[in-house]
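Colleague: My structure is in run-v7.tsv, and what it holds is TSV, C-alpha atoms:
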```
chain	number	residue	atom	x	y	z
E	14	MET	CA	77.38	113.18	160.31
E	15	LEU	CA	76.87	114.50	163.84
E	16	GLN	CA	76.00	117.92	162.48
E	17	ALA	CA	73.39	116.39	160.14
E	18	LEU	CA	71.89	114.49	163.08
E	19	LEU	CA	71.67	117.68	165.15
E	20	VAL	CA	70.02	119.56	162.27
E	21	THR	CA	67.52	116.71	161.83
E	22	LEU	CA	66.69	116.73	165.54
E	23	ALA	CA	66.29	120.50	165.52
E	24	LEU	CA	63.91	120.33	162.56
E	25	ALA	CA	61.95	117.49	164.15
E	26	GLN	CA	61.07	119.67	167.10
E	27	ASP	CA	57.98	121.77	166.56
E	28	PRO	CA	58.45	124.96	168.58
E	29	ALA	CA	54.97	126.19	167.66
E	30	ALA	CA	53.34	123.21	169.41
E	31	ALA	CA	54.62	124.05	172.89
E	32	PRO	CA	53.11	127.54	173.20
E	33	ALA	CA	49.77	126.25	171.86
E	34	GLN	CA	49.63	123.67	174.66
E	35	GLU	CA	50.41	126.11	177.46
E	36	PRO	CA	47.24	128.24	177.10
E	37	ALA	CA	45.08	125.09	177.00
E	38	ALA	CA	46.73	123.86	180.19
E	39	ALA	CA	46.25	127.28	181.76
E	40	ALA	CA	42.60	127.27	180.71
E	41	ASP	CA	42.15	123.82	182.29
E	42	SER	CA	43.80	125.05	185.49
E	43	GLY	CA	41.63	128.14	185.49
E	44	ALA	CA	38.47	126.11	184.98
E	45	ALA	CA	39.56	123.70	187.70
E	46	GLN	CA	40.22	126.57	190.12
E	47	THR	CA	36.82	128.08	189.37
E	48	HIS	CA	35.14	124.77	190.21
E	49	ILE	CA	37.28	124.39	193.34
E	50	ASP	CA	36.21	127.85	194.53
E	51	GLU	CA	32.55	127.11	193.82
E	52	GLY	CA	32.86	123.72	195.49
E	53	LEU	CA	34.40	125.23	198.61
E	54	ALA	CA	31.61	127.79	198.80
E	55	ALA	CA	29.00	125.02	198.58
E	56	PHE	CA	30.92	122.90	201.10
E	57	ARG	CA	30.96	125.74	203.63
E	58	ARG	CA	27.16	125.93	203.27
E	59	LYS	CA	27.02	122.13	203.86
E	60	ARG	CA	25.70	121.57	200.35
E	61	PHE	CA	27.86	118.50	199.88
E	62	ALA	CA	26.15	117.15	196.74
E	63	VAL	CA	26.68	120.48	194.96
E	64	ALA	CA	30.26	120.67	196.24
E	65	ARG	CA	30.93	117.14	195.02
E	66	LYS	CA	29.70	118.08	191.53
E	67	HIS	CA	32.03	121.08	191.39
E	68	PHE	CA	35.03	119.17	192.73
E	69	GLN	CA	34.42	116.37	190.21
E	70	GLN	CA	34.30	118.97	187.43
E	71	ALA	CA	37.58	120.40	188.74
E	72	VAL	CA	39.20	116.94	188.64
E	73	ASP	CA	37.81	116.40	185.13
E	74	ALA	CA	39.25	119.75	184.01
E	75	ASP	CA	42.65	119.10	185.61
E	76	PRO	CA	43.27	115.46	186.60
E	77	GLY	CA	46.68	116.44	188.01
E	78	SER	CA	45.20	118.86	190.55
E	79	ALA	CA	45.93	117.72	194.10
E	80	PRO	CA	43.55	120.33	195.58
E	81	ALA	CA	40.64	119.24	193.37
E	82	THR	CA	41.27	115.59	194.21
E	83	PHE	CA	41.64	116.26	197.94
E	84	TYR	CA	38.47	118.34	198.21
E	85	LEU	CA	36.56	115.74	196.18
E	86	ALA	CA	37.84	113.06	198.57
E	87	TYR	CA	36.80	115.00	201.65
E	88	THR	CA	33.37	115.74	200.21
E	89	VAL	CA	32.81	112.09	199.28
E	90	TYR	CA	33.78	111.19	202.84
E	91	LYS	CA	31.43	113.81	204.35
E	92	ILE	CA	28.53	112.45	202.27
E	93	ALA	CA	29.34	108.88	203.37
E	94	GLU	CA	30.12	109.79	207.00
E	95	PRO	CA	26.68	109.04	208.49
E	96	LYS	CA	26.49	105.72	206.64
E	97	ARG	CA	27.75	102.35	207.86
E	98	PRO	CA	31.46	102.12	208.78
E	99	PHE	CA	32.62	100.23	205.69
E	100	HIS	CA	30.48	102.00	203.11
E	101	PRO	CA	32.02	101.81	199.59
E	102	GLU	CA	32.07	105.62	199.33
E	103	LYS	CA	34.44	105.74	202.31
E	104	ALA	CA	36.80	103.42	200.43
E	105	GLN	CA	36.47	105.70	197.38
E	106	ALA	CA	37.31	108.70	199.56
E	107	ALA	CA	40.41	106.92	200.90
E	108	GLU	CA	41.57	106.19	197.34
E	109	LEU	CA	41.06	109.83	196.38
E	110	PHE	CA	43.00	111.02	199.45
E	111	ASP	CA	45.86	108.69	198.46
E	112	LYS	CA	45.80	110.03	194.90
E	113	ALA	CA	45.80	113.65	196.09
E	114	TYR	CA	48.91	113.10	198.17
E	115	GLU	CA	50.58	111.16	195.35
E	116	LEU	CA	50.01	114.20	193.14
E	117	ASP	CA	51.41	116.57	195.77
E	118	PRO	CA	52.85	115.09	198.98
E	119	ASN	CA	53.12	118.59	200.50
E	120	PHE	CA	49.53	119.64	199.80
E	121	LYS	CA	47.76	121.44	202.64
E	122	PRO	CA	44.07	122.25	202.26
E	123	VAL	CA	42.95	125.87	202.47
E	124	TRP	CA	39.36	126.24	203.55
E	125	ALA	CA	39.22	130.04	203.69
E	126	PRO	CA	38.19	131.92	200.55
E	127	ARG	CA	41.00	133.11	198.29
E	128	LYS	CA	41.73	136.83	198.41
```
Rewrite the structure from the file as structure tokens, please.
Modeller:
Amino acid sequence: MLQALLVTLALAQDPAAAPAQEPAAAADSGAAQTHIDEGLAAFRRKRFAVARKHFQQAVDADPGSAPATFYLAYTVYKIAEPKRPFHPEKAQAAELFDKAYELDPNFKPVWAPRK
């Protein structure tokens, strides 16, 4: 009986499904990293609206990316910075910062270009 259960469990697993998911995840991570890099370049040029677009696209490509979420949060904050103290975008930035550090409590931003 136990052997039949083990055989059934082994057959229920689809080993072909796991490798098919890994390249898609890698593609999402690659797309997210591309948008992060482009967003950082725009941020360094103080083109915050363009940076925000790229960081949002990075979050959309990889919702589990702490870097994409952090950089989006900081950009939202920079756009809202000159506005009144309790502007809703500042609250949105705070929520995004919280989410970034929930995703990766040890995350440290890197502002220099990748080599």
Colleague: Any idea what's packed within 10 Å of range 103-116 of chain E, counting all atoms listed in the file, ignoring anything in its chain fewer than 4 positions away? Could you give it as number ranges by chain?
Modeller: E: 76-94, 96-99, 120-121
Colleague: What does the file look like for those residues with C-alpha atoms, as a PDB file, in the coordinates of the input?
Modeller:
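Okay, selection11.pdb is ready:
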```pdb
ATOM      1  CA  PRO E  76      43.270 115.460 186.600  1.00  0.00           C
ATOM      2  CA  GLY E  77      46.680 116.440 188.010  1.00  0.00           C
ATOM      3  CA  SER E  78      45.200 118.860 190.550  1.00  0.00           C
ATOM      4  CA  ALA E  79      45.930 117.720 194.100  1.00  0.00           C
ATOM      5  CA  PRO E  80      43.550 120.330 195.580  1.00  0.00           C
ATOM      6  CA  ALA E  81      40.640 119.240 193.370  1.00  0.00           C
ATOM      7  CA  THR E  82      41.270 115.590 194.210  1.00  0.00           C
ATOM      8  CA  PHE E  83      41.640 116.260 197.940  1.00  0.00           C
ATOM      9  CA  TYR E  84      38.470 118.340 198.210  1.00  0.00           C
ATOM     10  CA  LEU E  85      36.560 115.740 196.180  1.00  0.00           C
ATOM     11  CA  ALA E  86      37.840 113.060 198.570  1.00  0.00           C
ATOM     12  CA  TYR E  87      36.800 115.000 201.650  1.00  0.00           C
ATOM     13  CA  THR E  88      33.370 115.740 200.210  1.00  0.00           C
ATOM     14  CA  VAL E  89      32.810 112.090 199.280  1.00  0.00           C
ATOM     15  CA  TYR E  90      33.780 111.190 202.840  1.00  0.00           C
ATOM     16  CA  LYS E  91      31.430 113.810 204.350  1.00  0.00           C
ATOM     17  CA  ILE E  92      28.530 112.450 202.270  1.00  0.00           C
ATOM     18  CA  ALA E  93      29.340 108.880 203.370  1.00  0.00           C
ATOM     19  CA  GLU E  94      30.120 109.790 207.000  1.00  0.00           C
ATOM     20  CA  LYS E  96      26.490 105.720 206.640  1.00  0.00           C
ATOM     21  CA  ARG E  97      27.750 102.350 207.860  1.00  0.00           C
ATOM     22  CA  PRO E  98      31.460 102.120 208.780  1.00  0.00           C
ATOM     23  CA  PHE E  99      32.620 100.230 205.690  1.00  0.00           C
ATOM     24  CA  PHE E 120      49.530 119.640 199.800  1.00  0.00           C
ATOM     25  CA  LYS E 121      47.760 121.440 202.640  1.00  0.00           C
TER      26      LYS E 121
END
```
Colleague: Could you list, as a PDB file with C-alpha atoms, in the coordinates of the input, every residue within 8 Å of range 49-54 of chain E, counting all atoms listed in the file and ignoring same-chain residues fewer than 6 positions away?
Modeller:
```pdb
ATOM      1  CA  VAL E  63      26.680 120.480 194.960  1.00  0.00           C
ATOM      2  CA  ALA E  64      30.260 120.670 196.240  1.00  0.00           C
ATOM      3  CA  ARG E  65      30.930 117.140 195.020  1.00  0.00           C
ATOM      4  CA  LYS E  66      29.700 118.080 191.530  1.00  0.00           C
ATOM      5  CA  HIS E  67      32.030 121.080 191.390  1.00  0.00           C
ATOM      6  CA  PHE E  68      35.030 119.170 192.730  1.00  0.00           C
ATOM      7  CA  ALA E  71      37.580 120.400 188.740  1.00  0.00           C
ATOM      8  CA  PRO E  80      43.550 120.330 195.580  1.00  0.00           C
ATOM      9  CA  ALA E  81      40.640 119.240 193.370  1.00  0.00           C
ATOM     10  CA  TYR E  84      38.470 118.340 198.210  1.00  0.00           C
ATOM     11  CA  TRP E 124      39.360 126.240 203.550  1.00  0.00           C
ATOM     12  CA  PRO E 126      38.190 131.920 200.550  1.00  0.00           C
TER      13      PRO E 126
END
```
Colleague: Rounded to one decimal place, report the CA of His100 in chain E-CA of Pro118 in chain E distance in Å.
Modeller: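 Atom-to-atom, CA of His100 in chain E to CA of Pro118 in chain E, that is 26.2 Å.
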Colleague: Between CA of Arg60 in chain E and CA of Asp117 in chain E, what distance in Å does the model show, to one decimal?
Modeller: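 Distance reported for this atom pair: 26.6 Å.
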Colleague: Go ahead and compute the interatomic distance for CA of Ala62 in chain E and CA of Asp75 in chain E, in Å to one decimal.
Modeller: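 These atoms are spaced 20.0 Å apart.
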Colleague: Taking only C-alpha atoms into account, name the residue in E:His48, E:Glu102, E:Pro95, E:Asn119 that is nearest to Gln69 in chain E.
Modeller: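 That would be E:His48, the residue with the smallest distance to Gln69 in chain E.
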